[in-house]
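Just run.txt here, compact mmCIF, C-alpha atoms:
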```txt
# COMPACT_ATOMS: atom_id res chain seq x y z
CA MET A 1 -29.09 31.86 83.51
CA LEU A 2 -28.76 28.09 83.95
CA HIS A 3 -31.87 26.10 84.83
CA GLU A 4 -31.03 22.57 85.95
CA ALA A 5 -33.30 20.15 84.09
CA ASP A 6 -34.19 18.09 87.15
CA ARG A 7 -36.16 21.08 88.46
CA GLY A 8 -38.76 20.61 85.70
CA GLY A 9 -40.67 23.52 84.16
CA TRP A 10 -38.59 23.40 80.98
CA ALA A 11 -40.92 25.36 78.68
CA GLU A 12 -41.34 28.27 81.08
CA ALA A 13 -37.61 28.33 81.80
CA LEU A 14 -36.87 28.46 78.06
CA GLU A 15 -39.31 31.32 77.54
CA ARG A 16 -37.74 33.21 80.44
CA GLY A 17 -34.38 33.11 78.70
CA ARG A 18 -32.82 30.27 80.64
CA ILE A 19 -30.47 27.55 79.44
CA VAL A 20 -31.97 24.20 80.47
CA HIS A 21 -29.00 22.05 81.47
CA PHE A 22 -28.74 18.27 81.69
CA THR A 23 -25.68 17.13 83.63
CA ARG A 24 -25.74 13.98 81.51
CA CYS A 25 -27.46 13.73 78.13
CA PRO A 26 -30.93 12.35 78.96
CA LEU A 27 -31.30 10.27 75.80
CA ALA A 28 -29.31 7.52 74.12
CA LEU A 29 -26.36 8.79 72.09
CA PRO A 30 -24.86 7.22 68.96
CA SER A 31 -22.85 4.08 69.66
CA PRO A 32 -19.17 4.53 70.60
CA ASP A 33 -18.14 3.34 67.13
CA ASP A 34 -20.48 5.86 65.50
CA GLN A 35 -19.18 8.61 67.75
CA ASP A 36 -15.60 7.80 66.72
CA PHE A 37 -16.74 7.86 63.10
CA LEU A 38 -18.19 11.35 63.52
CA ARG A 39 -15.17 12.70 65.38
CA GLU A 40 -12.41 11.07 63.33
CA GLY A 41 -13.76 9.42 60.19
CA LEU A 42 -15.36 12.47 58.59
CA ALA A 43 -12.40 14.87 58.75
CA PRO A 44 -11.03 14.11 55.24
CA TYR A 45 -14.45 14.77 53.65
CA LEU A 46 -15.54 18.06 55.25
CA ARG A 47 -16.79 20.75 52.88
CA ARG A 48 -18.58 23.03 55.34
CA LYS A 49 -18.17 23.98 58.99
CA ASN A 50 -21.19 21.79 59.91
CA ILE A 51 -22.52 18.46 58.68
CA SER A 52 -26.29 18.82 58.53
CA TYR A 53 -29.13 16.36 58.03
CA TYR A 54 -32.44 17.77 56.76
CA PRO A 55 -35.19 15.40 57.98
CA ASP A 56 -37.98 16.61 55.66
CA ALA A 57 -35.90 15.99 52.54
CA GLU A 58 -33.71 13.23 54.05
CA LYS A 59 -30.68 15.06 52.67
CA LEU A 60 -27.17 15.47 54.06
CA ALA A 61 -25.01 18.55 53.48
CA GLY A 62 -21.44 19.43 54.38
CA LEU A 63 -19.55 16.38 53.06
CA ARG A 64 -18.01 15.25 49.80
CA ALA A 65 -17.45 11.56 50.40
CA PRO A 66 -18.04 8.02 49.10
CA ALA A 67 -21.59 6.72 49.31
CA SER A 68 -20.78 4.45 52.24
CA VAL A 69 -19.56 7.42 54.32
CA LEU A 70 -22.54 9.57 53.37
CA ASP A 71 -25.01 6.80 54.16
CA ARG A 72 -23.50 6.14 57.58
CA ALA A 73 -23.38 9.84 58.53
CA ARG A 74 -26.98 10.28 57.35
CA ARG A 75 -28.14 7.29 59.37
CA ILE A 76 -26.40 8.47 62.56
CA LEU A 77 -27.86 11.98 62.39
CA ARG A 78 -31.31 10.74 61.32
CA ASP A 79 -31.49 8.36 64.28
CA HIS A 80 -30.23 10.99 66.72
CA SER A 81 -32.75 13.50 65.37
CA GLY A 82 -35.57 11.05 65.98
CA ARG A 83 -34.49 10.42 69.57
CA VAL A 84 -34.25 14.15 70.32
CA ARG A 85 -37.70 14.75 68.82
CA ASP A 86 -39.29 11.97 70.83
CA PHE A 87 -37.64 13.18 74.03
CA LEU A 88 -38.70 16.81 73.64
CA GLN A 89 -42.23 15.97 72.55
CA GLY A 90 -42.58 13.73 75.59
CA GLY A 91 -41.17 16.33 77.96
CA MET A 92 -42.94 19.41 76.53
CA PRO A 93 -46.02 18.25 74.59
CA GLY A 94 -47.78 21.60 74.63
CA PHE A 95 -44.73 23.66 73.81
CA THR A 96 -43.73 21.46 70.87
CA ARG A 97 -47.24 21.11 69.40
CA GLY A 98 -47.15 21.88 65.68
CA TRP A 99 -43.42 22.55 65.66
CA SER A 100 -41.19 22.29 62.59
CA PRO A 101 -38.03 20.16 62.87
CA GLY A 102 -34.99 21.80 61.32
CA THR A 103 -31.57 20.27 60.91
CA SER A 104 -29.72 17.70 62.97
CA SER A 105 -26.08 18.75 62.76
CA PHE A 106 -22.64 17.65 63.84
CA ARG A 107 -20.14 20.43 64.51
CA PRO A 108 -16.67 18.89 64.00
CA MET A 109 -14.45 21.99 64.13
CA GLU A 110 -12.70 23.58 67.11
CA GLU A 111 -14.55 26.84 67.72
CA GLU A 112 -11.65 28.77 69.25
CA GLY A 113 -9.52 30.80 66.87
CA ARG A 114 -11.19 29.81 63.60
CA GLY A 115 -10.80 33.26 62.07
CA LEU A 116 -14.18 33.30 60.32
CA SER A 117 -15.85 36.49 59.10
CA PRO A 118 -17.76 38.23 61.92
CA HIS A 119 -21.23 37.31 60.64
CA ALA A 120 -20.24 33.63 60.35
CA SER A 121 -18.32 33.36 63.61
CA ASN A 122 -19.70 31.44 66.58
CA GLU A 123 -17.10 33.13 68.83
CA LEU A 124 -18.93 36.48 68.76
CA ILE A 125 -21.97 37.00 70.99
CA HIS A 126 -25.24 37.10 69.04
CA VAL A 127 -28.85 35.99 68.95
CA ASP A 128 -29.87 33.58 66.20
CA ALA A 129 -31.79 34.99 63.27
CA GLY A 130 -32.74 33.84 59.80
CA ALA A 131 -30.96 30.49 59.82
CA TYR A 132 -34.01 28.81 58.29
CA GLY A 133 -35.45 31.64 56.26
CA ALA A 134 -38.60 33.38 57.45
CA THR A 135 -39.75 32.42 60.95
CA HIS A 136 -42.34 35.24 61.27
CA GLY A 137 -41.68 35.26 65.00
CA ASP A 138 -41.64 31.52 65.67
CA ARG A 139 -38.98 30.63 68.24
CA ILE A 140 -35.68 28.90 67.46
CA LEU A 141 -35.13 25.99 69.88
CA ARG A 142 -31.77 24.23 69.84
CA PHE A 143 -30.76 21.08 71.72
CA PHE A 144 -27.01 20.61 72.15
CA VAL A 145 -24.86 17.63 73.19
CA ASN A 146 -21.14 17.91 73.88
CA LEU A 147 -19.84 14.81 72.10
CA ASN A 148 -16.23 15.49 73.06
CA PRO A 149 -15.11 12.81 75.58
CA TRP A 150 -12.39 14.97 77.15
CA ARG A 151 -13.08 18.69 76.78
CA GLU A 152 -15.77 21.08 77.94
CA ARG A 153 -17.69 23.25 75.51
CA VAL A 154 -17.60 26.86 76.69
CA TRP A 155 -20.24 29.53 76.07
CA ILE A 156 -20.51 33.17 77.04
CA SER A 157 -23.63 35.38 77.13
CA LYS A 158 -24.56 39.01 77.73
CA GLY A 159 -28.16 38.22 78.69
CA THR A 160 -31.57 37.77 77.16
CA PHE A 161 -32.96 39.34 74.01
CA GLU A 162 -35.34 41.44 76.10
CA GLU A 163 -32.53 42.87 78.23
CA LEU A 164 -30.37 43.64 75.20
CA PHE A 165 -33.26 45.02 73.14
CA ARG A 166 -34.19 47.50 75.86
CA ARG A 167 -30.54 48.50 76.28
CA HIS A 168 -29.37 48.58 72.66
CA GLY A 169 -32.44 48.38 70.39
CA ALA A 170 -32.51 52.05 69.45
CA GLU A 171 -28.76 52.13 68.87
CA ALA A 172 -29.07 49.08 66.59
CA GLY A 173 -31.87 50.73 64.60
CA LEU A 174 -34.63 48.25 65.42
CA GLY A 175 -37.60 50.61 65.59
CA GLY A 176 -40.06 51.65 62.90
CA GLY A 177 -42.20 49.85 60.36
CA GLY A 178 -44.78 47.09 60.74
CA LEU A 179 -43.94 43.39 61.00
CA GLN A 180 -46.68 42.02 58.76
CA PRO A 181 -45.35 40.95 55.33
CA ARG A 182 -47.09 42.40 52.30
CA LEU A 183 -48.97 40.27 49.78
CA PRO A 184 -46.10 39.72 47.26
CA GLU A 185 -43.79 38.66 50.09
CA ARG A 186 -46.40 36.26 51.48
CA ALA A 187 -46.88 34.70 48.03
CA LEU A 188 -43.12 34.25 47.54
CA GLY A 189 -42.86 32.74 51.02
CA SER A 190 -45.52 30.16 50.22
CA LEU A 191 -43.68 29.09 47.05
CA LEU A 192 -40.34 28.84 48.86
CA ARG A 193 -41.85 26.72 51.65
CA VAL A 194 -43.17 24.25 49.08
CA ALA A 195 -39.83 24.18 47.26
CA GLY A 196 -38.04 23.73 50.57
CA ARG A 197 -39.53 20.27 51.04
CA ALA A 198 -37.33 18.98 48.21
CA PHE A 199 -34.57 21.61 48.28
CA PRO A 200 -33.98 22.63 51.91
CA MET A 201 -31.70 25.56 51.11
CA ALA A 202 -34.56 27.25 49.21
CA ARG A 203 -36.05 28.20 52.57
CA VAL A 204 -33.05 30.36 53.41
CA VAL A 205 -34.07 32.77 50.63
CA ASP A 206 -37.40 33.41 52.38
CA THR A 207 -37.61 36.43 54.66
CA SER A 208 -40.05 38.69 56.49
CA PRO A 209 -40.00 42.11 58.20
CA TYR A 210 -39.52 40.40 61.57
CA ASP A 211 -36.65 38.23 60.36
CA ARG A 212 -34.88 41.13 58.68
CA ARG A 213 -35.05 43.12 61.90
CA MET A 214 -33.71 40.18 63.90
CA ARG A 215 -30.89 39.78 61.38
CA ARG A 216 -30.09 43.48 61.81
CA PHE A 217 -29.71 42.99 65.57
CA HIS A 218 -27.63 39.82 65.03
CA ASN A 219 -25.28 41.69 62.71
CA TRP A 220 -25.11 44.77 64.96
CA MET A 221 -24.02 42.61 67.89
CA LYS A 222 -21.27 40.93 65.92
CA ASP A 223 -20.11 44.15 64.25
CA THR A 224 -19.94 46.23 67.44
CA ALA A 225 -16.62 45.72 69.20
CA GLN A 226 -17.72 47.56 72.33
CA PHE A 227 -20.73 45.27 72.72
CA GLN A 228 -18.49 42.20 72.58
CA GLU A 229 -16.41 43.38 75.53
CA PRO A 230 -16.96 41.96 79.06
CA PRO A 231 -18.82 41.70 81.34
CA HIS A 232 -20.55 38.51 80.31
CA GLU A 233 -21.59 35.22 81.86
CA ARG A 234 -19.57 32.08 81.18
CA PHE A 235 -20.88 28.51 81.02
CA SER A 236 -18.84 25.30 80.72
CA PHE A 237 -20.65 22.20 79.49
CA ALA A 238 -18.98 18.93 80.45
CA PRO A 239 -18.36 15.98 78.10
CA PHE A 240 -21.61 14.17 77.27
CA SER A 241 -23.76 16.80 78.95
CA ALA A 242 -26.67 18.41 77.08
CA TRP A 243 -28.50 21.73 77.13
CA MET A 244 -31.30 23.44 75.27
CA VAL A 245 -32.14 27.10 74.75
CA LEU A 246 -34.27 29.41 72.63
CA THR A 247 -31.33 30.86 70.75
CA ASP A 248 -33.31 33.79 69.35
CA GLY A 249 -34.02 34.84 72.94
CA VAL A 250 -30.62 34.31 74.61
CA SER A 251 -27.40 35.93 73.46
CA HIS A 252 -24.58 33.43 73.19
CA ALA A 253 -21.20 32.62 71.70
CA CYS A 254 -19.19 29.40 71.73
CA ILE A 255 -15.59 30.31 72.47
CA GLN A 256 -14.11 26.83 73.04
CA GLY A 257 -15.08 23.31 72.09
CA GLN A 258 -15.05 20.71 69.36
CA HIS A 259 -17.49 17.93 68.43
CA ALA A 260 -21.11 18.77 69.26
CA LEU A 261 -24.49 17.52 68.12
CA VAL A 262 -27.07 20.28 67.54
CA ASP A 263 -30.75 19.80 66.72
CA THR A 264 -32.88 22.77 65.70
CA PHE A 265 -36.65 23.23 65.82
CA LEU A 266 -39.04 26.10 65.13
CA ILE A 267 -41.60 26.49 67.95
CA PRO A 268 -44.86 28.22 66.93
CA LEU A 269 -45.14 31.64 68.55
CA ALA A 270 -48.73 30.73 69.42
CA ASN A 271 -47.40 28.08 71.84
CA CYS A 272 -45.58 30.72 73.90
CA ARG A 273 -47.14 32.21 77.02
CA LEU A 274 -44.57 34.90 77.78
CA ILE A 275 -43.23 37.91 75.92
CA ALA A 276 -41.10 36.98 72.91
CA PRO A 277 -38.79 38.92 70.57
CA TYR A 278 -41.67 39.34 68.11
CA HIS A 279 -43.78 41.16 70.71
CA LEU A 280 -40.90 43.46 71.63
CA LEU A 281 -40.16 44.34 68.00
CA ALA A 282 -43.86 44.81 67.22
CA GLY A 283 -44.12 47.16 70.20
CA ALA A 284 -41.18 49.18 68.95
CA ALA A 285 -42.83 49.45 65.55
```

Structure translated into structure tokens:
Amino acid sequence: MLHEADRGGWAEALERGRIVHFTRCPLALPSPDDQDFLREGLAPYLRRKNISYYPDAEKLAGLRAPASVLDRARRILRDHSGRVRDFLQGGMPGFTRGWSPGTSSFRPMEEEGRGLSPHASNELIHVDAGAYGATHGDRILRFFVNLNPWRERVWISKGTFEELFRRHGAEAGLGGGGLQPRLPERALGSLLRVAGRAFPMARVVDTSPYDRRMRRFHNWMKDTAQFQEPPHERFSFAPFSAWMVLTDGVSHACIQGQHALVDTFLIPLANCRLIAPYHLLAGAA
């Protein structure tokens, strides 16, 4: 499932359910002092599992800290977000056209053995769904950097959404009903998108028939012990390597690792040339 980045063809590889892998992060990272600040200086102030910067609202979430700490963390994530955006737009101009930047996050916690509830756990294999409210079928692109200088970040996967949908879709109850939202839901969605410019978490309330069905599959995967059993593929990402993947189209779990940068974007479905989860769910309906 790995596609080495130096082969090119990133957009097609992403749509085919590949993980585009950069042996070394291809863009400038935060300075060594800023990296140490993220890894060590934020620990006393953590209030959530992730520290997230929302570029549209220029807001930072996940910390309770003095203004100087908040300002520095915001600046580091804002600058990193800008570099990732510039890099991806330059490398995939057609694929990123009209996209919506989501959060730029730092994940400070060790993933292994955190004991979170199943639906919140990164250690259980899943596809991403509903993290930013209603996507209506737009794709979730995430760009990861392992910011740990010493340890690999380890993922496992059971395959692509298409493979798992064809194998488990009926069992997970994914068939039936159209995917077009009705008028009241469309009106509510419009209001929440406007509110989300100032209050980012307002977007999470938004939903759609497609996103609810994706969330159902996400929850079924995490709730089904037999599904979580091997076989699966295993990937180890070295310190300061990077990778990107359409996380709604590739099942994944992070079972080991601490200190990662993660940038999220919504790619318009109209930019995609190959079959996507929306098409599969619409066909089932």

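With all atoms listed in the file as the atoms that count, the residue of A:Gly283, A:Gly113, A:Pro268, A:Gly178 with the shortest distance to Thr96 in chain A is A:Pro268.
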
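You will find CA of Glu229 in chain A at 11.1 Å from CA of Ile156 in chain A.
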
How big is the axis-aligned box around all listed atoms of range 85-101 of chain A once 8 Å goes on each side, and where's its centre, in Å to one decimal, as AutoDock Vina command-line options?
```
--center_x -42.7 --center_y 17.8 --center_z 70.3 --size_x 26.1 --size_y 27.7 --size_z 31.4
```

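Between Thr264 in chain A and the residues A:Arg97, A:Arg16, A:Arg85, A:Arg48, the shortest atom-to-atom distance, using all atoms listed in the file, involves A:Arg85.
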
### Query
From the set A:Glu58, A:Asp248, A:Glu4, A:Glu110, which residue has the shortest atom-to-atom contact distance to Ile267 in chain A, counting only C-alpha atoms?
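Counting only C-alpha atoms, the residue closest to Ile267 in chain A is A:Asp248.
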
### Task
Provide the CA of Pro149 in chain A to CA of Thr103 in chain A distance in Å, to one decimal place.
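Between these atoms lies a distance of 23.3 Å.
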
Show me that you can extract range 80-120 of chain A, keeping N, CA and C atoms, and write it as a tab-separated table (two decimals), in the first residue's frame.
```
chain	number	residue	atom	x	y	z
A	80	HIS	N	3.77	26.10	10.09
A	80	HIS	CA	3.86	24.77	9.50
A	80	HIS	C	2.69	24.52	8.56
A	81	SER	N	1.50	24.93	8.96
A	81	SER	CA	0.33	24.77	8.11
A	81	SER	C	0.53	25.46	6.76
A	82	GLY	N	1.08	26.65	6.79
A	82	GLY	CA	1.31	27.38	5.54
A	82	GLY	C	2.31	26.67	4.64
A	83	ARG	N	3.36	26.11	5.22
A	83	ARG	CA	4.35	25.39	4.41
A	83	ARG	C	3.76	24.13	3.79
A	84	VAL	N	2.94	23.40	4.57
A	84	VAL	CA	2.30	22.20	4.02
A	84	VAL	C	1.36	22.57	2.89
A	85	ARG	N	0.58	23.63	3.08
A	85	ARG	CA	-0.35	24.05	2.02
A	85	ARG	C	0.39	24.41	0.75
A	86	ASP	N	1.43	25.20	0.88
A	86	ASP	CA	2.19	25.60	-0.31
A	86	ASP	C	2.78	24.38	-1.01
A	87	PHE	N	3.30	23.45	-0.25
A	87	PHE	CA	3.92	22.27	-0.84
A	87	PHE	C	2.90	21.43	-1.60
A	88	LEU	N	1.74	21.17	-0.99
A	88	LEU	CA	0.75	20.32	-1.63
A	88	LEU	C	0.10	21.01	-2.83
A	89	GLN	N	-0.14	22.31	-2.73
A	89	GLN	CA	-0.69	23.02	-3.88
A	89	GLN	C	0.29	23.03	-5.05
A	90	GLY	N	1.58	23.14	-4.74
A	90	GLY	CA	2.57	23.09	-5.80
A	90	GLY	C	2.71	21.72	-6.42
A	91	GLY	N	2.57	20.68	-5.61
A	91	GLY	CA	2.75	19.31	-6.10
A	91	GLY	C	1.51	18.71	-6.73
A	92	MET	N	0.32	19.18	-6.34
A	92	MET	CA	-0.94	18.64	-6.87
A	92	MET	C	-1.93	19.76	-7.13
A	93	PRO	N	-1.64	20.67	-8.06
A	93	PRO	CA	-2.50	21.84	-8.24
A	93	PRO	C	-3.93	21.50	-8.62
A	94	GLY	N	-4.13	20.51	-9.46
A	94	GLY	CA	-5.48	20.16	-9.85
A	94	GLY	C	-6.25	19.48	-8.73
A	95	PHE	N	-5.58	18.61	-8.02
A	95	PHE	CA	-6.23	17.85	-6.96
A	95	PHE	C	-6.63	18.74	-5.79
A	96	THR	N	-5.84	19.76	-5.52
A	96	THR	CA	-6.11	20.64	-4.37
A	96	THR	C	-6.96	21.86	-4.73
A	97	ARG	N	-7.33	22.00	-5.97
A	97	ARG	CA	-8.11	23.19	-6.40
A	97	ARG	C	-9.41	23.28	-5.60
A	98	GLY	N	-9.64	24.43	-4.97
A	98	GLY	CA	-10.87	24.65	-4.24
A	98	GLY	C	-10.98	23.88	-2.93
A	99	TRP	N	-9.85	23.39	-2.42
A	99	TRP	CA	-9.90	22.61	-1.20
A	99	TRP	C	-10.18	23.48	0.01
A	100	SER	N	-10.47	22.84	1.15
A	100	SER	CA	-10.72	23.56	2.40
A	100	SER	C	-9.71	23.10	3.44
A	101	PRO	N	-8.79	23.98	3.85
A	101	PRO	CA	-7.85	23.60	4.92
A	101	PRO	C	-8.59	23.36	6.23
A	102	GLY	N	-8.23	22.28	6.90
A	102	GLY	CA	-8.76	22.01	8.23
A	102	GLY	C	-7.73	22.40	9.27
A	103	THR	N	-7.54	21.55	10.25
A	103	THR	CA	-6.62	21.89	11.34
A	103	THR	C	-5.18	21.54	11.01
A	104	SER	N	-4.27	22.23	11.70
A	104	SER	CA	-2.87	21.81	11.79
A	104	SER	C	-2.66	21.43	13.24
A	105	SER	N	-2.33	20.16	13.48
A	105	SER	CA	-2.32	19.64	14.85
A	105	SER	C	-0.96	19.06	15.22
A	106	PHE	N	-0.70	19.10	16.52
A	106	PHE	CA	0.43	18.38	17.10
A	106	PHE	C	-0.12	17.32	18.03
A	107	ARG	N	0.33	16.08	17.84
A	107	ARG	CA	-0.13	14.96	18.65
A	107	ARG	C	0.98	14.60	19.64
A	108	PRO	N	0.86	15.02	20.90
A	108	PRO	CA	1.97	14.88	21.86
A	108	PRO	C	1.99	13.57	22.62
A	109	MET	N	0.90	12.81	22.58
A	109	MET	CA	0.76	11.66	23.47
A	109	MET	C	1.27	10.38	22.81
A	110	GLU	N	1.81	9.47	23.62
A	110	GLU	CA	2.13	8.13	23.15
A	110	GLU	C	0.83	7.40	22.81
A	111	GLU	N	0.77	6.85	21.59
A	111	GLU	CA	-0.47	6.22	21.14
A	111	GLU	C	-0.70	4.85	21.78
A	112	GLU	N	0.37	4.13	22.08
A	112	GLU	CA	0.23	2.77	22.57
A	112	GLU	C	-0.27	2.75	24.01
A	113	GLY	N	-1.33	1.98	24.23
A	113	GLY	CA	-1.80	1.74	25.59
A	113	GLY	C	-2.46	2.92	26.26
A	114	ARG	N	-3.13	3.79	25.51
A	114	ARG	CA	-3.74	4.96	26.13
A	114	ARG	C	-5.06	4.65	26.83
A	115	GLY	N	-5.70	3.56	26.48
A	115	GLY	CA	-6.92	3.17	27.17
A	115	GLY	C	-8.10	4.07	26.91
A	116	LEU	N	-8.18	4.67	25.74
A	116	LEU	CA	-9.31	5.53	25.40
A	116	LEU	C	-10.54	4.68	25.05
A	117	SER	N	-11.70	5.31	25.04
A	117	SER	CA	-12.91	4.62	24.59
A	117	SER	C	-12.72	4.19	23.14
A	118	PRO	N	-13.38	3.12	22.71
A	118	PRO	CA	-13.15	2.61	21.35
A	118	PRO	C	-13.33	3.67	20.26
A	119	HIS	N	-14.37	4.49	20.33
A	119	HIS	CA	-14.63	5.44	19.26
A	119	HIS	C	-13.61	6.57	19.24
A	120	ALA	N	-12.88	6.78	20.34
A	120	ALA	CA	-11.86	7.83	20.40
A	120	ALA	C	-10.45	7.31	20.17
```
